[in-house]
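Text of the file coords_29.cif, holding mmCIF, C-alpha atoms:
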data_work
#
loop_
_atom_site.group_PDB
_atom_site.id
_atom_site.type_symbol
_atom_site.label_atom_id
_atom_site.label_comp_id
_atom_site.auth_asym_id
_atom_site.auth_seq_id
_atom_site.Cartn_x
_atom_site.Cartn_y
_atom_site.Cartn_z
ATOM 1 C CA MET A 1 -5.336 -15.269 -10.896
ATOM 2 C CA ALA A 2 -1.687 -14.286 -10.560
ATOM 3 C CA ASP A 3 0.770 -15.035 -7.765
ATOM 4 C CA VAL A 4 1.310 -11.991 -5.558
ATOM 5 C CA LYS A 5 4.391 -11.040 -3.542
ATOM 6 C CA PHE A 6 5.058 -8.104 -1.213
ATOM 7 C CA THR A 7 8.635 -6.898 -0.735
ATOM 8 C CA SER A 8 9.821 -5.548 2.610
ATOM 9 C CA ARG A 9 9.626 -1.967 1.360
ATOM 10 C CA ALA A 10 5.974 -2.267 0.306
ATOM 11 C CA TYR A 11 4.902 -4.223 3.386
ATOM 12 C CA CYS A 12 6.759 -2.163 5.985
ATOM 13 C CA LYS A 13 5.562 1.187 4.661
ATOM 14 C CA MET A 14 1.930 0.047 4.814
ATOM 15 C CA ILE A 15 2.425 -1.186 8.389
ATOM 16 C CA LEU A 16 4.291 1.969 9.481
ATOM 17 C CA HIS A 17 1.552 4.176 8.010
ATOM 18 C CA ALA A 18 -1.173 2.312 9.911
ATOM 19 C CA ALA A 19 0.919 2.303 13.115
ATOM 20 C CA LYS A 20 1.597 6.048 12.965
ATOM 21 C CA TYR A 21 -2.137 6.816 12.977
ATOM 22 C CA PRO A 22 -3.792 4.084 15.081
ATOM 23 C CA HIS A 23 -6.732 6.433 15.737
ATOM 24 C CA CYS A 24 -7.409 7.054 12.014
ATOM 25 C CA ALA A 25 -8.207 5.203 8.848
ATOM 26 C CA VAL A 26 -5.300 5.397 6.378
ATOM 27 C CA ASN A 27 -4.861 4.599 2.701
ATOM 28 C CA GLY A 28 -2.176 4.438 0.039
ATOM 29 C CA VAL A 29 -1.125 2.899 -3.243
ATOM 30 C CA LEU A 30 1.178 0.029 -4.157
ATOM 31 C CA LEU A 31 3.721 0.045 -6.961
ATOM 32 C CA SER A 32 5.143 -2.732 -9.109
ATOM 33 C CA GLU A 33 7.336 -2.898 -12.193
ATOM 34 C CA CYS A 34 5.778 -1.927 -15.508
ATOM 35 C CA SER A 35 4.633 -5.053 -17.349
ATOM 36 C CA LYS A 36 6.684 -6.040 -20.365
ATOM 37 C CA SER A 37 3.963 -8.420 -21.588
ATOM 38 C CA LYS A 38 2.137 -7.512 -24.781
ATOM 39 C CA ASP A 39 -1.015 -9.282 -23.554
ATOM 40 C CA SER A 40 -2.500 -6.751 -21.141
ATOM 41 C CA LYS A 41 -5.641 -8.877 -20.584
ATOM 42 C CA LYS A 42 -3.740 -11.830 -19.158
ATOM 43 C CA SER A 43 -3.176 -11.978 -15.395
ATOM 44 C CA GLN A 44 0.491 -11.955 -14.505
ATOM 45 C CA ASN A 45 2.517 -12.627 -11.396
ATOM 46 C CA ILE A 46 2.997 -9.398 -9.491
ATOM 47 C CA ALA A 47 5.596 -8.219 -6.978
ATOM 48 C CA PHE A 48 4.787 -5.057 -5.057
ATOM 49 C CA LEU A 49 8.091 -3.211 -4.743
ATOM 50 C CA ASP A 50 6.986 -0.043 -2.962
ATOM 51 C CA ALA A 51 4.069 1.682 -1.266
ATOM 52 C CA VAL A 52 3.157 5.366 -1.179
ATOM 53 C CA PRO A 53 1.090 6.457 1.851
ATOM 54 C CA LEU A 54 -1.728 8.788 0.822
ATOM 55 C CA PHE A 55 -3.983 10.102 3.595
ATOM 56 C CA HIS A 56 -4.990 9.771 7.233
ATOM 57 C CA GLN A 57 -7.468 12.658 7.521
ATOM 58 C CA CYS A 58 -9.931 12.838 4.636
ATOM 59 C CA LEU A 59 -9.272 9.654 2.695
ATOM 60 C CA HIS A 60 -11.561 10.296 -0.230
ATOM 61 C CA VAL A 61 -11.448 14.023 -0.970
ATOM 62 C CA SER A 62 -11.357 13.941 -4.779
ATOM 63 C CA PRO A 63 -9.193 17.006 -5.614
ATOM 64 C CA MET A 64 -6.441 16.018 -3.160
ATOM 65 C CA ALA A 65 -6.564 12.380 -4.257
ATOM 66 C CA GLU A 66 -6.306 13.405 -7.914
ATOM 67 C CA ILE A 67 -3.293 15.649 -7.228
ATOM 68 C CA ALA A 68 -1.592 12.883 -5.229
ATOM 69 C CA LEU A 69 -2.264 10.147 -7.786
ATOM 70 C CA THR A 70 -1.103 12.339 -10.684
ATOM 71 C CA GLN A 71 2.196 13.110 -8.909
ATOM 72 C CA ILE A 72 2.709 9.483 -7.904
ATOM 73 C CA ASP A 73 1.929 8.197 -11.408
ATOM 74 C CA HIS A 74 4.386 10.661 -12.988
ATOM 75 C CA TRP A 75 7.167 9.811 -10.511
ATOM 76 C CA ALA A 76 6.510 6.054 -10.676
ATOM 77 C CA SER A 77 6.717 5.965 -14.479
ATOM 78 C CA SER A 78 10.081 7.762 -14.307
ATOM 79 C CA GLU A 79 11.267 4.947 -11.990
ATOM 80 C CA GLY A 80 9.942 2.165 -14.234
ATOM 81 C CA LEU A 81 7.053 1.495 -11.846
ATOM 82 C CA VAL A 82 3.284 1.543 -12.166
ATOM 83 C CA VAL A 83 0.451 2.049 -9.666
ATOM 84 C CA SER A 84 -0.892 -1.483 -9.344
ATOM 85 C CA GLY A 85 -2.615 -1.722 -5.972
ATOM 86 C CA TYR A 86 -4.442 0.133 -3.239
ATOM 87 C CA TYR A 87 -4.344 -0.384 0.522
ATOM 88 C CA VAL A 88 -6.500 0.764 3.406
ATOM 89 C CA ALA A 89 -6.507 0.349 7.189
ATOM 90 C CA ASN A 90 -9.815 1.122 8.854
ATOM 91 C CA GLU A 91 -10.283 3.213 11.982
ATOM 92 C CA ASN A 92 -12.039 0.450 13.921
ATOM 93 C CA LEU A 93 -9.712 -2.280 15.225
ATOM 94 C CA ARG A 94 -11.935 -5.151 14.032
ATOM 95 C CA ASP A 95 -13.145 -3.584 10.783
ATOM 96 C CA THR A 96 -11.724 -5.268 7.685
ATOM 97 C CA SER A 97 -14.452 -4.086 5.298
ATOM 98 C CA ILE A 98 -13.910 -1.988 2.177
ATOM 99 C CA ASP A 99 -16.141 1.053 1.684
ATOM 100 C CA LYS A 100 -17.479 2.293 -1.659
ATOM 101 C CA PRO A 101 -14.975 5.163 -2.143
ATOM 102 C CA ALA A 102 -12.073 2.737 -1.596
ATOM 103 C CA ASN A 103 -13.633 0.333 -4.086
ATOM 104 C CA ARG A 104 -13.947 3.130 -6.647
ATOM 105 C CA ILE A 105 -10.274 4.092 -6.356
ATOM 106 C CA ALA A 106 -9.230 0.437 -6.562
ATOM 107 C CA ASP A 107 -11.497 -0.078 -9.603
ATOM 108 C CA LYS A 108 -9.844 2.885 -11.310
ATOM 109 C CA ILE A 109 -6.396 1.372 -10.691
ATOM 110 C CA ALA A 110 -7.629 -1.964 -12.058
ATOM 111 C CA GLU A 111 -8.711 -0.239 -15.284
ATOM 112 C CA HIS A 112 -5.039 0.450 -15.990
ATOM 113 C CA PHE A 113 -3.495 -2.646 -14.369
ATOM 114 C CA ASN A 114 -5.474 -5.842 -14.831
ATOM 115 C CA SER A 115 -3.831 -7.824 -11.979
ATOM 116 C CA ALA A 116 -4.328 -5.019 -9.440
ATOM 117 C CA CYS A 117 -4.711 -5.871 -5.754
ATOM 118 C CA LEU A 118 -6.836 -4.354 -3.024
ATOM 119 C CA VAL A 119 -5.292 -4.796 0.422
ATOM 120 C CA VAL A 120 -6.879 -4.313 3.843
ATOM 121 C CA ILE A 121 -4.511 -4.072 6.811
ATOM 122 C CA ASP A 122 -5.806 -6.254 9.626
ATOM 123 C CA ASN A 123 -5.304 -3.971 12.625
ATOM 124 C CA ARG A 124 -5.670 -6.908 15.025
ATOM 125 C CA GLN A 125 -2.325 -8.259 13.800
ATOM 126 C CA LEU A 126 -0.389 -5.023 14.414
ATOM 127 C CA ASN A 127 1.950 -5.545 17.360
ATOM 128 C CA LEU A 128 5.647 -5.304 18.158
ATOM 129 C CA LEU A 129 6.252 -8.953 17.260
ATOM 130 C CA MET A 130 4.562 -8.841 13.823
ATOM 131 C CA ASP A 131 4.531 -12.635 13.827
ATOM 132 C CA GLU A 132 1.460 -12.893 11.581
ATOM 133 C CA PRO A 133 1.057 -11.209 8.169
ATOM 134 C CA ALA A 134 -1.295 -8.287 8.809
ATOM 135 C CA LEU A 135 -2.885 -8.236 5.343
ATOM 136 C CA ILE A 136 -6.113 -9.346 3.715
ATOM 137 C CA VAL A 137 -5.559 -9.389 -0.045
ATOM 138 C CA SER A 138 -8.063 -9.327 -2.914
ATOM 139 C CA GLN A 139 -7.221 -9.330 -6.608
ATOM 140 C CA TYR A 140 -9.135 -8.024 -9.592
ATOM 141 C CA ALA A 141 -10.273 -10.857 -11.841
ATOM 142 C CA ASP A 142 -13.329 -11.388 -14.051
ATOM 143 C CA VAL A 143 -14.498 -7.802 -13.439
ATOM 144 C CA LYS A 144 -14.660 -8.123 -9.643
ATOM 145 C CA TRP A 145 -12.482 -8.262 -6.544
ATOM 146 C CA LYS A 146 -11.795 -11.797 -5.362
ATOM 147 C CA PRO A 147 -10.287 -12.523 -1.925
ATOM 148 C CA LEU A 148 -7.035 -14.462 -2.199
ATOM 149 C CA GLU A 149 -6.236 -17.456 -0.040
ATOM 150 C CA LYS A 150 -3.169 -16.897 2.126
ATOM 151 C CA THR A 151 -1.390 -19.499 0.017
ATOM 152 C CA SER A 152 -1.854 -17.314 -3.107
ATOM 153 C CA TRP A 153 0.248 -14.426 -1.852
ATOM 154 C CA MET A 154 3.470 -14.136 0.076
ATOM 155 C CA LEU A 155 5.770 -11.755 1.897
ATOM 156 C CA SER A 156 9.460 -11.640 1.071
ATOM 157 C CA GLU A 157 11.584 -13.408 3.639
ATOM 158 C CA THR A 158 12.587 -10.417 5.777
ATOM 159 C CA CYS A 159 9.246 -8.553 5.805
ATOM 160 C CA GLN A 160 7.953 -9.454 9.243
ATOM 161 C CA ASP A 161 11.298 -9.158 11.041
ATOM 162 C CA ALA A 162 11.952 -5.787 9.410
ATOM 163 C CA ALA A 163 8.463 -4.520 10.329
ATOM 164 C CA ALA A 164 8.909 -5.640 13.954
ATOM 165 C CA THR A 165 12.333 -3.950 14.223
ATOM 166 C CA LEU A 166 11.057 -0.711 12.673
ATOM 167 C CA LEU A 167 8.038 -0.574 14.994
ATOM 168 C CA GLU A 168 10.177 -1.332 18.033
ATOM 169 C CA THR A 169 12.474 1.605 17.218
ATOM 170 C CA GLY A 170 9.560 4.000 16.556
ATOM 171 C CA CYS A 171 10.220 4.483 12.828
ATOM 172 C CA GLN A 172 6.502 4.920 12.161
ATOM 173 C CA GLU A 173 6.846 8.500 13.379
ATOM 174 C CA ASP A 174 9.061 9.291 10.374
ATOM 175 C CA ILE A 175 6.741 7.995 7.639
ATOM 176 C CA VAL A 176 5.373 10.823 5.455
ATOM 177 C CA ASP A 177 1.997 10.616 3.731
ATOM 178 C CA PHE A 178 0.384 13.088 1.344
ATOM 179 C CA ASP A 179 -1.534 14.759 4.179
ATOM 180 C CA ASN A 180 1.831 15.564 5.799
ATOM 181 C CA HIS A 181 3.238 16.737 2.455
ATOM 182 C CA LEU A 182 0.270 19.045 1.790
ATOM 183 C CA ASP A 183 0.688 20.541 5.279
ATOM 184 C CA ASN A 184 4.425 21.035 4.718
ATOM 185 C CA ILE A 185 5.738 20.588 1.183
ATOM 186 C CA THR A 186 9.312 20.108 2.421
ATOM 187 C CA LEU A 187 8.212 16.672 3.698
ATOM 188 C CA ASP A 188 8.885 14.107 0.954
ATOM 189 C CA TRP A 189 6.095 11.566 0.345
ATOM 190 C CA ARG A 190 8.622 9.292 -1.413
ATOM 191 C CA ASN A 191 10.085 8.505 2.042
ATOM 192 C CA LYS A 192 13.664 8.018 0.870
ATOM 193 C CA PRO A 193 15.203 7.839 4.408
ATOM 194 C CA THR A 194 12.614 5.229 5.433
ATOM 195 C CA ASN A 195 13.293 3.271 2.243
ATOM 196 C CA GLN A 196 17.003 3.188 3.083
ATOM 197 C CA LEU A 197 16.257 2.035 6.617
ATOM 198 C CA ILE A 198 13.962 -0.759 5.407
ATOM 199 C CA ASP A 199 16.510 -1.871 2.799
ATOM 200 C CA LYS A 200 19.140 -2.059 5.552
ATOM 201 C CA TYR A 201 17.059 -4.689 7.340
#
As structure tokens - that is how I would like this structure written.
Amino acid sequence: MADVKFTSRAYCKMILHAAKYPHCAVNGVLLSECSKSKDSKKSQNIAFLDAVPLFHQCLHVSPMAEIALTQIDHWASSEGLVVSGYYVANENLRDTSIDKPANRIADKIAEHFNSACLVVIDNRQLNLLMDEPALIVSQYADVKWKPLEKTSWMLSETCQDAAATLLETGCQEDIVDFDNHLDNITLDWRNKPTNQLIDKY
């Protein structure tokens, strides 16, 4: 198993996506740097540098998911990044389970990135203080998803403070997912203004 770290940009965008649609399940993908290791079978430490929100309406509609993942993969590779994780927040406040369609998407990511992570946002921890990490993290190892102890993954130092500040100022309303982009293609799913705001904190 590899050590896992979430940067402020990756963490905050997941939290903002879930906070924008508290009445819906949401999903998205996580990005990390392309591995420079020649041994693709060996688990490596992983730092999630960014997140791309996917959907909040129909999470598992195949044609839309394929279009989104193709665009994200093409853009990520041009930035020196790779799709290396998948996140979901369930509709029910206390539900931290992972359904079969989410598992299938995560499995597909793991086929191309052997240290991939599957993250469930714990809705019970979403509040304006953000004093507890709101994630449940599993990692792909030995052909299955294994839950990680909280000591096996970490948030970068400013993650929780940045998330609390962004939620307090209502920045979740500005996050753009692929559902928004498909409704209005002028909306940019890369979320550059939000990225700049997160980096400022």
I want to know what sits within 10 Å of Thr165 in chain A, based on all atoms listed in the file, with residues of the same chain fewer than 3 positions away left out; could you give that as a PyMOL selection string?
chain A and resi 128-130+160-162+168-171+198+201
How many Å lie between CA of Ala10 in chain A and CA of Ile185 in chain A, rounded to one decimal?
22.9 Å
Test item: residues at most 10 Å from Ser138 in chain A, all atoms listed in the file, excluding those fewer than 6 positions along its chain, as a PyMOL selection string:
chain A and resi 85+116-120+144-149+153
Find the residue from A:Val82, A:Ala89, A:Ile98, A:Leu197 that sits nearest to Tyr21 in chain A; use only C-alpha atoms when measuring.
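When distances to Tyr21 in chain A are compared using only C-alpha atoms, the smallest one comes from A:Ala89.
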Applying the PyMOL selection byres ((chain A and resi 176-182) around 8) to the file I just gave you, which residues come out? Please list them as a VMD selection string.
chain A and resid 17 52 to 57 68 174 to 175 183 to 191
A:Leu135, A:Leu81, A:Leu167, A:Ala102: which is nearest Leu59 in chain A, counting all atoms listed in the file?
A:Ala102
Report, as lines of an AutoDock Vina configuration file, the axis-aligned box around all atoms of range 57-76 of chain A present in the file, extended by 8 Å on each side; give centre and edge lengths in Å to one decimal place.
center_x = -2.2
center_y = 11.5
center_z = -2.7
size_x = 34.7
size_y = 27.0
size_z = 36.5
Could you list the residues chosen by the PyMOL selection byres ((chain A and resi 80) around 10) in this structure as a PDB file with C-alpha atoms, in the coordinates of the input?
ATOM      1  CA  LEU A  31       3.721   0.045  -6.961  1.00  0.00           C
ATOM      2  CA  SER A  32       5.143  -2.732  -9.109  1.00  0.00           C
ATOM      3  CA  GLU A  33       7.336  -2.898 -12.193  1.00  0.00           C
ATOM      4  CA  CYS A  34       5.778  -1.927 -15.508  1.00  0.00           C
ATOM      5  CA  SER A  35       4.633  -5.053 -17.349  1.00  0.00           C
ATOM      6  CA  TRP A  75       7.167   9.811 -10.511  1.00  0.00           C
ATOM      7  CA  ALA A  76       6.510   6.054 -10.676  1.00  0.00           C
ATOM      8  CA  SER A  77       6.717   5.965 -14.479  1.00  0.00           C
ATOM      9  CA  SER A  78      10.081   7.762 -14.307  1.00  0.00           C
ATOM     10  CA  GLU A  79      11.267   4.947 -11.990  1.00  0.00           C
ATOM     11  CA  LEU A  81       7.053   1.495 -11.846  1.00  0.00           C
ATOM     12  CA  VAL A  82       3.284   1.543 -12.166  1.00  0.00           C
TER      13      VAL A  82
END
Please write as number ranges by chain the list of polymer residues whose atoms come within 12 Å of (-0.6, -6.8, 14.4), counting only C-alpha atoms and keeping to the coordinates of the file.
A: 15-16, 18-19, 22, 89, 93-94, 121-135, 160, 163-164, 167
What is the distance between CA of Ser62 in chain A and CA of Asp50 in chain A, in Å to one decimal?
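Those two atoms sit 23.1 Å apart.
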If I put a ball of radius 8 Å at (10.6, -7.8, -1.8) in the file's coordinates, which residues poke into it when counting only C-alpha atoms, written as a ChimeraX atom specification?
/A:5-10,47-49,155-157,159
Name the closest residue to Glu91 in chain A among the candidates A:Thr194, A:Ser115, A:Asn27, A:Gln71; distances are taken between atoms, counting all atoms listed in the file.
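The shortest atom-to-atom distance to Glu91 in chain A comes from A:Asn27.
We find CA of Tyr87 in chain A and CA of Ile72 in chain A to be spaced 14.8 Å apart.
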I need the residue nearest His112 in chain A from this list: A:Val83, A:Val61, A:Ile46, A:Cys24. Use all atoms listed in the file for the distance.
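Of A:Val83, A:Val61, A:Ile46, A:Cys24, the one nearest His112 in chain A is A:Val83, counting all atoms listed in the file.
Using only C-alpha atoms, the nearest neighbour of Ile105 in chain A within the list A:Val29, A:Cys58, A:Glu173, A:Met14 is A:Val29.
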